[in-house]
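Text of the file query.tsv, holding TSV, C-alpha atoms:
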```tsv
chain	number	residue	atom	x	y	z
A	1	MET	CA	3.39	65.58	35.53
A	2	GLU	CA	1.06	66.44	32.66
A	3	SER	CA	-2.54	67.14	33.65
A	4	THR	CA	-5.07	64.68	32.27
A	5	GLU	CA	-7.84	67.29	32.52
A	6	ILE	CA	-8.73	69.65	29.70
A	7	GLN	CA	-9.70	73.22	30.50
A	8	GLN	CA	-12.90	74.91	29.31
A	9	HIS	CA	-11.04	77.54	27.24
A	10	GLU	CA	-9.07	74.74	25.57
A	11	ILE	CA	-12.31	72.98	24.60
A	12	ALA	CA	-13.41	76.15	22.80
A	13	GLU	CA	-10.01	76.35	21.11
A	14	ILE	CA	-10.23	72.73	19.94
A	15	GLU	CA	-13.70	73.32	18.48
A	16	GLU	CA	-12.38	76.39	16.67
A	17	PHE	CA	-9.40	74.36	15.38
A	18	ALA	CA	-11.70	71.61	14.08
A	19	ASP	CA	-13.62	74.24	12.10
A	20	LYS	CA	-10.35	75.55	10.68
A	21	ARG	CA	-9.38	71.99	9.76
A	22	ASP	CA	-12.59	71.58	7.75
A	23	ALA	CA	-11.89	74.88	6.00
A	24	MET	CA	-8.29	73.87	5.21
A	25	ILE	CA	-9.31	70.52	3.76
A	26	GLY	CA	-12.10	72.16	1.77
A	27	GLU	CA	-9.65	74.60	0.18
A	28	ILE	CA	-7.04	71.90	-0.51
A	29	ARG	CA	-9.70	69.74	-2.19
A	30	LYS	CA	-10.33	72.53	-4.69
A	31	VAL	CA	-6.89	71.71	-6.09
A	32	ILE	CA	-6.02	68.17	-4.93
A	33	VAL	CA	-8.31	65.29	-5.85
A	34	GLY	CA	-8.38	62.35	-3.40
A	35	GLN	CA	-5.33	61.67	-1.20
A	36	ASP	CA	-7.40	62.39	1.95
A	37	GLU	CA	-5.15	60.30	4.21
A	38	VAL	CA	-2.03	62.04	2.90
A	39	ILE	CA	-3.56	65.48	3.47
A	40	GLU	CA	-4.57	64.54	7.03
A	41	GLU	CA	-1.10	63.21	7.90
A	42	VAL	CA	0.67	66.26	6.44
A	43	LEU	CA	-1.55	68.50	8.61
A	44	ILE	CA	-0.87	66.28	11.65
A	45	ALA	CA	2.89	66.60	11.17
A	46	MET	CA	2.74	70.34	10.65
A	47	PHE	CA	0.69	71.09	13.76
A	48	ALA	CA	2.76	68.63	15.81
A	49	LYS	CA	5.87	70.61	14.70
A	50	GLY	CA	7.32	67.62	12.87
A	51	HIS	CA	8.68	67.11	9.35
A	52	CYS	CA	7.53	64.69	6.64
A	53	LEU	CA	9.13	62.35	4.15
A	54	LEU	CA	6.82	61.82	1.16
A	55	VAL	CA	7.45	58.67	-0.84
A	56	GLY	CA	5.76	58.22	-4.20
A	57	VAL	CA	6.38	58.00	-7.92
A	58	PRO	CA	6.50	61.23	-9.98
A	59	GLY	CA	3.25	62.89	-11.02
A	60	LEU	CA	1.20	62.35	-7.85
A	61	ALA	CA	0.87	66.09	-7.06
A	62	LYS	CA	3.32	66.17	-4.16
A	63	THR	CA	4.61	69.63	-5.07
A	64	LEU	CA	1.11	70.93	-5.82
A	65	LEU	CA	-0.15	69.74	-2.43
A	66	ILE	CA	2.63	71.51	-0.52
A	67	HIS	CA	2.32	74.69	-2.57
A	68	THR	CA	-1.45	74.72	-1.93
A	69	LEU	CA	-0.89	74.21	1.80
A	70	ALA	CA	1.46	77.20	1.88
A	71	GLU	CA	-1.07	79.28	-0.03
A	72	ILE	CA	-4.03	78.63	2.28
A	73	LEU	CA	-1.87	79.19	5.39
A	74	ASP	CA	-0.31	82.38	3.98
A	75	LEU	CA	3.21	80.95	4.43
A	76	GLU	CA	6.32	81.52	2.36
A	77	PHE	CA	7.18	78.49	0.22
A	78	ASN	CA	10.47	77.43	-1.38
A	79	ARG	CA	11.32	74.33	-3.37
A	80	ILE	CA	14.83	72.90	-3.76
A	81	GLN	CA	15.51	70.32	-6.46
A	82	PHE	CA	18.23	68.12	-4.96
A	83	THR	CA	20.94	67.07	-7.40
A	84	PRO	CA	24.34	65.35	-7.04
A	85	ASP	CA	26.22	68.67	-7.42
A	86	LEU	CA	24.16	70.59	-4.83
A	87	MET	CA	26.35	72.09	-2.08
A	88	PRO	CA	25.34	72.82	1.55
A	89	SER	CA	25.70	76.57	0.90
A	90	ASP	CA	23.16	76.26	-1.93
A	91	ILE	CA	20.62	75.45	0.79
A	92	THR	CA	21.71	77.46	3.81
A	93	GLY	CA	23.27	80.51	2.13
A	94	THR	CA	26.75	81.94	1.73
A	95	ASP	CA	28.92	84.95	2.61
A	96	ILE	CA	29.52	87.35	-0.25
A	97	LEU	CA	31.94	90.28	-0.39
A	98	GLN	CA	30.05	93.58	-0.58
A	99	GLU	CA	31.27	97.17	-0.73
A	100	ASP	CA	29.69	99.66	1.65
A	101	PRO	CA	28.70	102.71	-0.52
A	102	ALA	CA	29.10	105.08	2.44
A	103	THR	CA	32.61	104.09	3.52
A	104	GLY	CA	33.96	102.33	0.46
A	105	LYS	CA	35.06	99.44	2.66
A	106	ARG	CA	34.47	95.86	1.68
A	107	GLN	CA	32.96	93.38	4.08
A	108	PHE	CA	31.32	89.99	3.99
A	109	GLN	CA	27.55	89.88	4.06
A	110	PHE	CA	25.49	86.72	4.53
A	111	LEU	CA	23.14	86.00	1.65
A	112	LYS	CA	20.34	83.77	2.93
A	113	GLY	CA	19.61	80.54	1.06
A	114	PRO	CA	16.23	79.00	0.21
A	115	ILE	CA	16.02	77.29	3.62
A	116	PHE	CA	14.96	80.67	5.05
A	117	THR	CA	11.27	80.12	4.44
A	118	ASN	CA	8.25	78.67	6.25
A	119	ILE	CA	7.53	75.59	4.14
A	120	LEU	CA	10.43	73.96	2.32
A	121	LEU	CA	9.97	71.22	-0.25
A	122	ALA	CA	13.19	69.21	-0.52
A	123	ASP	CA	12.55	67.41	-3.80
A	124	GLU	CA	14.29	64.02	-4.23
A	125	ILE	CA	16.48	64.43	-1.16
A	126	ASN	CA	18.19	61.10	-1.84
A	127	ARG	CA	19.78	62.48	-5.03
A	128	THR	CA	22.27	64.69	-3.18
A	129	PRO	CA	25.43	63.63	-1.25
A	130	PRO	CA	25.34	63.07	2.54
A	131	LYS	CA	27.12	66.36	3.34
A	132	THR	CA	24.35	68.36	1.71
A	133	GLN	CA	21.64	66.18	3.25
A	134	ALA	CA	23.19	66.77	6.68
A	135	ALA	CA	23.07	70.57	6.23
A	136	LEU	CA	19.31	70.42	5.74
A	137	LEU	CA	18.67	67.90	8.50
A	138	GLN	CA	20.69	69.90	11.04
A	139	SER	CA	18.56	72.99	10.34
A	140	MET	CA	15.40	70.91	10.67
A	141	GLN	CA	16.32	69.92	14.20
A	142	GLU	CA	17.85	73.17	15.45
A	143	TYR	CA	15.68	75.73	13.56
A	144	GLN	CA	18.80	77.76	12.83
A	145	VAL	CA	21.69	78.05	10.39
A	146	THR	CA	25.32	78.71	11.36
A	147	ALA	CA	27.65	80.31	8.81
A	148	SER	CA	31.14	81.70	9.49
A	149	GLY	CA	30.58	81.49	13.22
A	150	THR	CA	27.30	83.44	13.16
A	151	THR	CA	23.96	81.80	13.93
A	152	TYR	CA	20.84	82.88	12.04
A	153	PRO	CA	17.42	81.76	13.33
A	154	LEU	CA	14.94	80.35	10.81
A	155	ASP	CA	11.52	81.90	10.42
A	156	LEU	CA	8.76	80.14	12.35
A	157	PRO	CA	6.71	78.14	11.67
A	158	PHE	CA	9.27	76.04	9.79
A	159	PHE	CA	8.15	72.84	8.10
A	160	VAL	CA	10.17	70.56	5.80
A	161	LEU	CA	8.65	68.05	3.41
A	162	ALA	CA	11.22	65.91	1.63
A	163	THR	CA	10.32	63.65	-1.27
A	164	GLN	CA	11.88	60.38	-2.37
A	165	ASN	CA	11.22	58.56	-5.60
A	166	PRO	CA	10.90	54.80	-4.81
A	167	ILE	CA	12.05	53.93	-8.35
A	168	GLU	CA	15.25	54.89	-10.19
A	169	GLN	CA	17.57	54.17	-7.25
A	170	GLU	CA	20.76	54.27	-9.33
A	171	GLY	CA	22.94	57.26	-8.50
A	172	THR	CA	21.13	58.01	-5.25
A	173	TYR	CA	22.35	58.48	-1.69
A	174	PRO	CA	19.86	56.78	0.66
A	175	LEU	CA	19.36	58.64	3.93
A	176	PRO	CA	21.02	56.84	6.87
A	177	GLU	CA	18.67	55.49	9.52
A	178	ALA	CA	19.82	58.10	12.06
A	179	GLN	CA	18.85	60.89	9.66
A	180	LEU	CA	15.58	59.24	8.65
A	181	ASP	CA	14.69	59.34	12.34
A	182	ARG	CA	14.54	63.17	12.13
A	183	PHE	CA	11.36	62.88	10.06
A	184	MET	CA	8.22	62.52	12.13
A	185	LEU	CA	6.23	60.73	9.41
A	186	ASN	CA	7.09	58.68	6.34
A	187	ILE	CA	3.98	59.12	4.19
A	188	GLU	CA	3.39	56.79	1.25
A	189	ILE	CA	1.54	58.42	-1.65
A	190	ARG	CA	-0.27	55.85	-3.79
A	191	TYR	CA	-1.77	56.04	-7.26
A	192	PRO	CA	-5.30	57.54	-7.40
A	193	ASN	CA	-8.28	55.26	-7.98
A	194	PHE	CA	-10.12	55.30	-11.32
A	195	ASP	CA	-12.77	57.90	-10.43
A	196	ASP	CA	-10.22	60.24	-8.84
A	197	GLU	CA	-7.93	59.97	-11.85
A	198	VAL	CA	-10.81	60.81	-14.21
A	199	GLN	CA	-11.51	63.92	-12.12
A	200	ILE	CA	-7.80	64.85	-12.04
A	201	VAL	CA	-7.55	64.65	-15.84
A	202	MET	CA	-10.76	66.65	-16.31
A	203	GLN	CA	-9.59	69.33	-13.89
A	204	THR	CA	-6.03	69.68	-15.17
A	205	THR	CA	-6.80	69.73	-18.90
A	206	SER	CA	-9.34	72.55	-18.83
A	207	THR	CA	-8.84	76.33	-18.80
A	208	GLY	CA	-10.20	76.88	-15.29
A	209	LYS	CA	-7.73	77.08	-12.43
A	210	PRO	CA	-8.96	76.73	-8.82
A	211	SER	CA	-8.02	79.55	-6.45
A	212	PRO	CA	-7.88	78.41	-2.82
A	213	ARG	CA	-8.38	81.16	-0.23
A	214	LYS	CA	-6.31	81.89	2.85
A	215	VAL	CA	-7.63	80.12	5.96
A	216	MET	CA	-5.03	80.87	8.64
A	217	GLU	CA	-1.95	82.99	9.37
A	218	HIS	CA	1.38	82.63	11.21
A	219	ALA	CA	0.19	83.53	14.71
A	220	ALA	CA	-2.76	81.14	14.59
A	221	ILE	CA	-0.61	78.27	13.31
A	222	MET	CA	1.84	78.65	16.17
A	223	ARG	CA	-1.01	78.97	18.68
A	224	TYR	CA	-2.51	75.67	17.48
A	225	GLN	CA	0.94	74.03	17.55
A	226	ASN	CA	1.14	74.96	21.24
A	227	LEU	CA	-2.41	73.69	21.76
A	228	VAL	CA	-1.35	70.24	20.49
A	229	ARG	CA	1.27	70.04	23.26
A	230	ARG	CA	-1.38	70.88	25.89
A	231	VAL	CA	-3.77	68.09	24.89
A	232	PRO	CA	-3.90	65.64	27.81
A	233	VAL	CA	-3.13	61.96	27.27
A	234	SER	CA	-3.75	59.11	29.69
A	235	PRO	CA	-0.84	56.97	30.95
A	236	PHE	CA	-2.30	53.78	29.45
A	237	VAL	CA	-2.30	55.34	25.94
A	238	VAL	CA	1.35	56.38	26.43
A	239	SER	CA	2.11	52.86	27.66
A	240	TYR	CA	0.63	51.38	24.47
A	241	ALA	CA	2.72	53.70	22.26
A	242	VAL	CA	5.89	52.82	24.17
A	243	ALA	CA	5.05	49.10	24.01
A	244	LEU	CA	4.76	49.25	20.19
A	245	SER	CA	8.17	50.92	19.94
A	246	GLN	CA	9.91	48.70	22.48
A	247	ARG	CA	8.57	45.45	21.02
A	248	SER	CA	9.87	46.42	17.59
A	249	ARG	CA	13.43	46.05	18.99
A	250	PRO	CA	14.91	42.56	18.68
A	251	GLN	CA	17.13	43.26	21.72
A	252	SER	CA	14.06	43.76	23.95
A	253	ALA	CA	13.09	40.88	26.24
A	254	ASP	CA	9.41	41.51	25.37
A	255	ALA	CA	9.94	41.45	21.59
A	256	PRO	CA	7.85	38.85	19.72
A	257	GLN	CA	9.75	36.04	18.04
A	258	PHE	CA	9.07	37.37	14.51
A	259	VAL	CA	10.80	40.64	15.50
A	260	LYS	CA	13.84	38.75	16.76
A	261	ASP	CA	13.85	36.72	13.54
A	262	TYR	CA	13.38	39.51	11.01
A	263	VAL	CA	14.41	42.89	12.48
A	264	GLU	CA	17.95	44.28	12.61
A	265	TRP	CA	17.07	47.48	14.46
A	266	GLY	CA	13.78	48.63	15.92
A	267	ALA	CA	12.26	52.03	16.62
A	268	GLY	CA	13.90	54.30	19.19
A	269	PRO	CA	12.31	56.53	21.85
A	270	ARG	CA	11.67	59.28	19.29
A	271	ALA	CA	9.07	56.96	17.72
A	272	SER	CA	7.14	56.83	21.02
A	273	GLN	CA	7.29	60.61	21.28
A	274	TYR	CA	6.03	61.10	17.73
A	275	LEU	CA	3.26	58.54	18.18
A	276	ILE	CA	1.93	60.57	21.10
A	277	LEU	CA	2.44	64.00	19.51
A	278	GLY	CA	0.86	62.82	16.26
A	279	ALA	CA	-2.06	61.25	18.14
A	280	LYS	CA	-2.63	64.53	20.00
A	281	ALA	CA	-2.67	66.49	16.73
A	282	ARG	CA	-5.00	63.95	15.10
A	283	THR	CA	-7.34	64.14	18.08
A	284	ILE	CA	-7.91	67.88	17.96
A	285	LEU	CA	-7.90	68.05	14.16
A	286	GLN	CA	-10.95	65.80	14.38
A	287	GLY	CA	-12.52	67.96	17.10
A	288	ARG	CA	-12.06	65.42	19.90
A	289	TYR	CA	-10.65	66.04	23.37
A	290	ALA	CA	-9.21	62.66	24.39
A	291	VAL	CA	-6.39	60.76	22.69
A	292	SER	CA	-7.39	57.16	21.99
A	293	ILE	CA	-5.64	53.88	21.19
A	294	GLU	CA	-7.11	54.19	17.68
A	295	ASP	CA	-5.14	57.41	17.13
A	296	ILE	CA	-1.91	55.57	17.92
A	297	GLN	CA	-2.83	52.65	15.65
A	298	ALA	CA	-3.76	54.96	12.76
A	299	LEU	CA	-0.38	56.72	12.86
A	300	ALA	CA	1.79	53.68	13.61
A	301	PRO	CA	2.58	52.81	9.95
A	302	SER	CA	3.80	56.31	9.05
A	303	VAL	CA	5.71	56.80	12.32
A	304	LEU	CA	7.37	53.38	12.38
A	305	ARG	CA	7.85	52.54	8.68
A	306	HIS	CA	11.26	54.23	8.38
A	307	ARG	CA	12.39	53.37	11.91
A	308	ILE	CA	12.27	49.58	11.66
A	309	VAL	CA	15.17	48.04	9.72
A	310	PRO	CA	14.57	44.47	8.42
A	311	ASN	CA	17.58	42.15	8.52
A	312	PHE	CA	19.05	40.14	5.64
A	313	LYS	CA	16.76	37.20	6.32
A	314	ALA	CA	13.70	39.46	6.06
A	315	GLN	CA	14.98	41.03	2.85
A	316	GLY	CA	15.60	37.61	1.37
A	317	GLU	CA	12.06	36.50	2.19
A	318	GLY	CA	10.44	39.80	1.16
A	319	PHE	CA	9.39	40.60	4.74
A	320	THR	CA	9.11	44.40	4.95
A	321	SER	CA	8.91	46.89	7.81
A	322	VAL	CA	5.21	47.41	7.00
A	323	GLU	CA	4.54	43.72	7.63
A	324	VAL	CA	6.41	43.97	10.94
A	325	ILE	CA	4.18	46.92	11.92
A	326	ASN	CA	0.98	45.11	10.93
A	327	ARG	CA	1.96	42.09	13.02
A	328	LEU	CA	2.88	44.30	15.97
A	329	LEU	CA	-0.51	46.01	15.79
A	330	ALA	CA	-2.18	42.59	15.72
A	331	GLU	CA	-0.14	41.09	18.57
A	332	VAL	CA	0.50	43.98	20.98
A	333	LYS	CA	-2.78	44.27	22.81
A	334	PRO	CA	-3.87	47.61	24.29
A	335	PRO	CA	-3.93	47.78	28.11
A	336	MET	CA	-7.18	46.67	29.69
A	337	ASP	CA	-9.21	48.78	32.12
A	338	GLY	CA	-6.80	51.70	31.87
A	339	LYS	CA	-3.89	49.76	33.41
A	340	GLU	CA	-0.40	50.66	32.27
A	341	MET	CA	1.57	48.15	30.24
A	342	ARG	CA	4.87	46.86	31.53
```

Serialized structure, structure tokens:
Amino acid sequence: MESTEIQQHEIAEIEEFADKRDAMIGEIRKVIVGQDEVIEEVLIAMFAKGHCLLVGVPGLAKTLLIHTLAEILDLEFNRIQFTPDLMPSDITGTDILQEDPATGKRQFQFLKGPIFTNILLADEINRTPPKTQAALLQSMQEYQVTASGTTYPLDLPFFVLATQNPIEQEGTYPLPEAQLDRFMLNIEIRYPNFDDEVQIVMQTTSTGKPSPRKVMEHAAIMRYQNLVRRVPVSPFVVSYAVALSQRSRPQSADAPQFVKDYVEWGAGPRASQYLILGAKARTILQGRYAVSIEDIQALAPSVLRHRIVPNFKAQGEGFTSVEVINRLLAEVKPPMDGKEMR
């Protein structure tokens, strides 16, 4: 049973982490204008050891954000542009025949692919066939690559951010729901407001180029990832997260009528897990010690958006998964007086 008490040394660690968070955001803001919610959710996913799906039209600085994050955390960064002719070996690596200069004998040697990095940007993941998508998603879950019967561990920390363009859907291969479930968060990147766009244009059309400084290194990142797991959470907060997931399933006896009317499939148990892990990461990133209902509610759209599948009736009436989530948040009441929900 997880302890609901936080230790004194962990309090000091959380305060230190909150200071690092302010430094990280300060450095990112030297390069990225606006997008504060996106930056926060990317950091939440990374320190919760999850992966992100970024959805937004081209030109919203998705690649620049991820490259900047790698720079300030002193992590190796690779970008793969997914195309219809991309093969699994183009991602994971391949065996090549090499001659040993000492013996003159030829033998196969594994040449590592771009997945052997710390931060991987999988650009337009829905433009490559399912076989290639599966090669990436398997590595995301297992943190290893198997080639010719040999298993190669990936470098840690390992963090994947995949992008999808919501327009130009012709010639794409949408990720199946089971594979979408591997992504902790589905983050929607919106257009900047007027003032932010003015600042973006001013900043990107001048000669000056911001130089963010390194804030953290490998060992510290992994230490804070472990700290997230140790953050205590009360049973009633867990009950609320589970209730949101369970009531999104039309097969559940407790599901609201609008879920039964408009949802084909609801969120699975992984959604409940990610709601709690994400809430823990959000809590300590903000320098707090106790996970709250508000943390769950703040992350619910990004955790549940890709895990709730509207049915044909919903699609015909324009009823989206986001509207299902908003109604769930309005109708599923948090437990009162710390009592667990049933």

Starting from the point (8.8, 48.6, 17.8), work out which residues of protein, DNA or RNA have an atom no more than 8 Å away when counting all atoms listed in the file; state them as a ChimeraX atom specification.
-> /A:243-249,266-268,304,308,325,328

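The gap separating CA of Phe82 in chain A from CA of Trp265 in chain A is 28.4 Å, in Å to one decimal.
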
Do you know which residues are at most 7 Å from Pro84 in chain A counting all atoms listed in the file, after dropping those on the same chain fewer than 6 positions away, and could you put them as a list in words?
-> Arg127, Thr128 and Pro129 of chain A

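Note that the spacing between CA of Arg190 in chain A and CA of Glu37 in chain A amounts to 10.4 Å.
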
Gly208 in chain A environment, 12 Å, all atoms listed in the file, sequence neighbours closer than 5 positions dropped, as JSON, numbers by chain = {"A": [30, 31, 202, 203]}

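We find CA of Arg307 in chain A and CA of Val238 in chain A to be spaced 18.5 Å apart.
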
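Take the candidates A:Glu41, A:Asp22, A:Glu197, A:Glu27 and check each one against Arg282 in chain A using only C-alpha atoms; the shortest distance goes to A:Glu41.
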
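A search radius of 12 Å centred on (12.5, 59.0, 23.4), applied to only C-alpha atoms, returns the residues Asp181, Val238, Ala241, Val242, Ser245, Gln246, Ala267, Gly268, Pro269, Arg270, Ala271, Ser272, Gln273, Tyr274, Leu275, Ile276 and Leu277 of chain A.
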
Mind writing the picked residues with C-alpha atoms as a PDB file, keeping the file's coordinate frame?
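Full text of result00.pdb as output:
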```pdb
ATOM      1  CA  ASP A 181      14.690  59.340  12.340  1.00  0.00           C
ATOM      2  CA  VAL A 238       1.350  56.380  26.430  1.00  0.00           C
ATOM      3  CA  ALA A 241       2.720  53.700  22.260  1.00  0.00           C
ATOM      4  CA  VAL A 242       5.890  52.820  24.170  1.00  0.00           C
ATOM      5  CA  SER A 245       8.170  50.920  19.940  1.00  0.00           C
ATOM      6  CA  GLN A 246       9.910  48.700  22.480  1.00  0.00           C
ATOM      7  CA  ALA A 267      12.260  52.030  16.620  1.00  0.00           C
ATOM      8  CA  GLY A 268      13.900  54.300  19.190  1.00  0.00           C
ATOM      9  CA  PRO A 269      12.310  56.530  21.850  1.00  0.00           C
ATOM     10  CA  ARG A 270      11.670  59.280  19.290  1.00  0.00           C
ATOM     11  CA  ALA A 271       9.070  56.960  17.720  1.00  0.00           C
ATOM     12  CA  SER A 272       7.140  56.830  21.020  1.00  0.00           C
ATOM     13  CA  GLN A 273       7.290  60.610  21.280  1.00  0.00           C
ATOM     14  CA  TYR A 274       6.030  61.100  17.730  1.00  0.00           C
ATOM     15  CA  LEU A 275       3.260  58.540  18.180  1.00  0.00           C
ATOM     16  CA  ILE A 276       1.930  60.570  21.100  1.00  0.00           C
ATOM     17  CA  LEU A 277       2.440  64.000  19.510  1.00  0.00           C
TER      18      LEU A 277
END
```

Report, as lines of an AutoDock Vina configuration file, the centre and edge lengths in Å (one decimal) of the axis-aligned box enclosing every listed atom of range 111-121 of chain A, padded by 5 Å on each side.
```
center_x = 15.3
center_y = 78.6
center_z = 3.0
size_x = 25.6
size_y = 24.8
size_z = 16.5
```

Spatial neighbours of range 142-159 of chain A, 6 Å, only C-alpha atoms, chain gap at least 3 places, as a PyMOL selection string | chain A and resi 51+116+118-119+139

Please provide as a PyMOL selection string all residues within 10 Å of Phe258 in chain A, with the sequence filter that same-chain residues fewer than 3 positions apart are discarded (counting only C-alpha atoms).
-> chain A and resi 248+250+255+261-263+314+324+327-328
